[in-house]
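Reading through the C-alpha cells given below for one structure.
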Amino acid sequence: MIKGIPIWDGTKEKDCWRLFINAFHWDGTSGTKLRISVESTYEVWLNGKVLPIQQLADSLTYRTYTVCDLDAFLLKGENTVRVLVHWNGQNFSTSPAGTPYLLADISAGEKRFLETDKEWQVAESTTFRSGACRDLNGHLGFGFEYDARKNETDRWKAAVELVPAEIWETMVERTVPLLTELPPAETEVAQCGFLRRENERENLADTCQTDWLASCFPALMMPKWNHGRPKEDYWRYRLRMNTDTRLADFLALSECPGANGYYIIADLGTMMSGYVYFKLTAPEGTIVDVLHGEHLDSGRVRANNGFNLADRYICKEGENEFCYRHRRFGCRYIELHLTNVGEGRVFFSYVGLIPVELPLPAPASFCSEDRLLETERALCIHTMKNCMHEHYEDTPWREQALYAYDARQQMLYGYYTWGNYDFAAASLDLLGRGFDGDRNISMTAPSQGKSAIPIFTMVWMSAICEHYLYSGTPAVFLRWEKVMDTILDRVLSRSVTGKPGLYSPGSGKKIWNFCEWNGSLSRMNGEMQAPFNLYLAEALQLVAQAKQFLGKTGDAEQYRQKF
C-alpha cells in the first residue's frame, strides 16, 4: 500500500495536463523505490532524467500501483521529482473515466523520503494544451498538442488532498512487468517533399489528408544528407535515419512555387509499437502534424478514414527533440506535415519510434526444414509481441483494446510460445472486472459502460478454464468461479420459447449479438442463435471439466446435463 495521500488541483476538466513537483533529501540508503499510481497516464522525471516507468491500464474497481528502483537516478542530498499527469476524463476502450489523482511515495523499506500530500506544488502544463478534447477514435484517448515555445509555468499552487477512498486504500502492486524501452529504431525516408495546405479543418487528420503533396527524390530534397552506403534497391535510394544521423536541410520552399510546407514519411521497416520520437531544427512557430499508420496504400498514411489519428507539435526556435510517452503508436509509417515555416529552413535528424516491449523469455524452440515455415513463425511471434503490453490488444494501431475473443487466441498461442501464464491471468482478471452483475462482461476492458457481446462472455469463461488446463493452477478459475456460476445460471434460466435445450443470448441497447464480420453474423437478431449456443455449450463443457478437476463432481454433472 502506498503511504501518501491522493492529490490533485481541485479541477475536473477533461483532457487535462497537470504538472506536480516536490523535492526531498536522500541520505544514500540503497534500495530506494518509487511507488506511484494515477488515473490515465503519467511521466516522471527525477533530477531531470525521465524514469522508464508507465501506468497500468486499471479498472475503476481495482487499482494498482507501479514500483520503480531509483538508486541509479538519485543524488546524495537534495533531489527533485516532477510528475506530469494526463487525465482523459472520458471513457475509452483503453481507459475508463475515473477520478483524477496522483498518489505516490518514495521509500526504502520503512524509511520514507517523500509522499504525496498538500506540500506538493501543482500547475496546469503550459506546453501541453488542456481541454482540446480531440478524440482520436473512441479507443485510444485524446490526441495531444504540444507547444515547445512556452516556458515551464510559474503559476504553482499547493496541491489539494483528496478524501481517501477504499479503492486507494486497497491498492496492490501490479503483476504485469514494466515495459522495456529499446533504442530508437533505425528508419528510412520513404517519401519527402513539399505540401500545400489551403485551410484548417475541424478534424486535424482531415486537414492533413487534404494537403496537396508534391513528392521529391529524397537525395535531391536533402542534398547534404550523410546517407552512408545505399541499399541494394538503388532505384528507391532510401535515406536512412538514426539518432546519430547528421542534420540534413530541406530545399527552400521557393524551389516549389505554390508550396507552403513540407512533408516526410519515415518507414520503420516493420510494424512496431512505441513512443513517437523526432529530432529536427526549424523556425519558431513551425507546426508539425504527426500522423501514423500501417500502410501507404493511398500514397500517404491514412489517418482520417473515420478517425482522427493525428497529433500536433509546435516548434521553438532551433533544435527540437521530442518524445511522447503517454500513448504508444502502433505503426510502420510516421508522417510529418510541417507548415507555418515562413522564410526559414528545416533540418531533419530523426523521425521514428522508441520501441517498447513486454519482457518475455526466449520463445520455445522450433526447427523446420521449410524456410517459409520458419519465416511464418517469426512473423507470428513478432505480431503477438506487438499485441502484448499492459494487456493483450486486438490491434496495436487503431484500438489497443482488450477483447475476450482476440485475447483467448493470443493466450493459447502464447502458452506454447512463452508459457506466459501470469500475463494471461492479468488480462483475464481485467476482463472479469467488467462483469455487469447479470450475465455479461463488458465488450472491452478496462473501459466502463461499453456494449457487451454475449459470445465473448462465453469465450472469457472458456479461456479461464483453459488457463487452468495449461498452467496447472486453479487460482484464476477459483477467483472467478462464483461470477461464472452466476452468468451460467442466468443464461440457462432463459431458454428459447418452444425450443428446450436452446438458450437466448439476450437483447437490449447494450447487447451486441456479434459473431463475425460477415453478413448477418455481424449483428444477429432473434432469440434462437446457433453461434451463441455453440459457444455456450463449449463454456459449459470446460467449466464442468474444471469443476471435475477440483472434485466438485455434483456441480460438474449439473453443467454436463445442459450440453
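Residue numbering restarts at 1 for every chain of the C-alpha cells, chains are lettered A, B, ... in their displayed order, and ligands are numbered from 1 as they appear.
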Quiz item: If we count only C-alpha atoms, what is near Pro505 in chain A at a cut-off of 7 Å, once residues fewer than 3 positions away on the same chain are taken out, given as a ChimeraX atom specification?
Solution: /A:454,527,532
Quiz prompt | Residues flagged strand (DSSP E or B) by DSSP in range 239-343 of chain A, as a ChimeraX atom specification | solution = /A:240-241,248-249,261-282,287-293,310-314,318-323,329-339
Exercise. Counting only C-alpha atoms, figure out which residue out of A:Thr444, A:Ser368, A:Asn308, A:Thr473 gets nearest to Leu402 in chain A.
Key: A:Thr444
Write out as CSV a residue-level contact list of range 239-324 of chain A versus range 383-392 of chain A with cut-off 8 Å: for each qualifying residue the closest pair of atoms and the distance in Å to one decimal, counting only C-alpha atoms, rows sorted by chain and residue number upward.
```
residue,atom,partner,partner_atom,distance
A:Met271,CA,A:Asn386,CA,7.8
A:Met272,CA,A:Asn386,CA,6.4
A:Ser273,CA,A:Asn386,CA,6.1
```
Writing out the chosen residues with C-alpha atoms as a PDB file, in the first residue's frame:
```pdb
ATOM      1  CA  MET A 271       5.168  -2.914 -37.705  1.00  0.00           C
ATOM      2  CA  MET A 272       6.251  -1.607 -34.282  1.00  0.00           C
ATOM      3  CA  SER A 273       4.764  -0.263 -31.065  1.00  0.00           C
TER       4      SER A 273
END
```
Quiz prompt | Residue set, range 347-557 of chain A restricted to helix (DSSP H, G or I), as an NGL selection string | solution = :A and (371-386 or 404-417 or 421-432 or 454-471 or 475-492 or 519-522 or 530-549 or 553-557)
Quiz item: Hey, what's within 12 Å of Gln558 in chain A if we count only C-alpha atoms and toss same-chain stuff fewer than 4 positions away? As a ChimeraX atom specification, please?
Solution: /A:485,488-489,492,540-541,543-545,547-548,552-554,562-563
Based on the selection just made, write C-alpha atoms of those residues as a short mmCIF file (atom, residue, chain, number, x, y, z; two decimals), in the first residue's frame.
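Now in part-v3.cif:
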```
data_model
loop_
_atom_site.label_atom_id
_atom_site.label_comp_id
_atom_site.auth_asym_id
_atom_site.auth_seq_id
_atom_site.Cartn_x
_atom_site.Cartn_y
_atom_site.Cartn_z
CA ASP A 485 -21.77 -19.69 -11.95
CA LEU A 488 -24.37 -19.55 -16.48
CA ASP A 489 -27.35 -19.71 -14.10
CA LEU A 492 -29.66 -21.23 -18.52
CA LEU A 540 -20.40 -25.47 -20.10
CA GLN A 541 -18.15 -28.34 -21.11
CA VAL A 543 -16.39 -25.29 -16.71
CA ALA A 544 -17.71 -28.77 -15.95
CA GLN A 545 -14.27 -30.23 -16.68
CA LYS A 547 -15.04 -28.40 -11.56
CA GLN A 548 -14.42 -32.11 -12.01
CA LYS A 552 -16.85 -30.77 -7.39
CA THR A 553 -18.50 -33.73 -9.09
CA GLY A 554 -22.10 -32.66 -8.45
CA LYS A 562 -27.10 -28.94 -20.06
CA PHE A 563 -24.98 -29.68 -23.12
#
```
Exercise. Excluding range 355-364 of chain A and any residue of its chain fewer than 5 positions from it, enumerate the residues within 6 Å of it, using only C-alpha atoms, and give them as a PyMOL selection string.
Key: chain A and resi 179-182+273-274+389+417-418
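Put simply, CA of Arg129 in chain A is 18.0 Å away from CA of Val276 in chain A.
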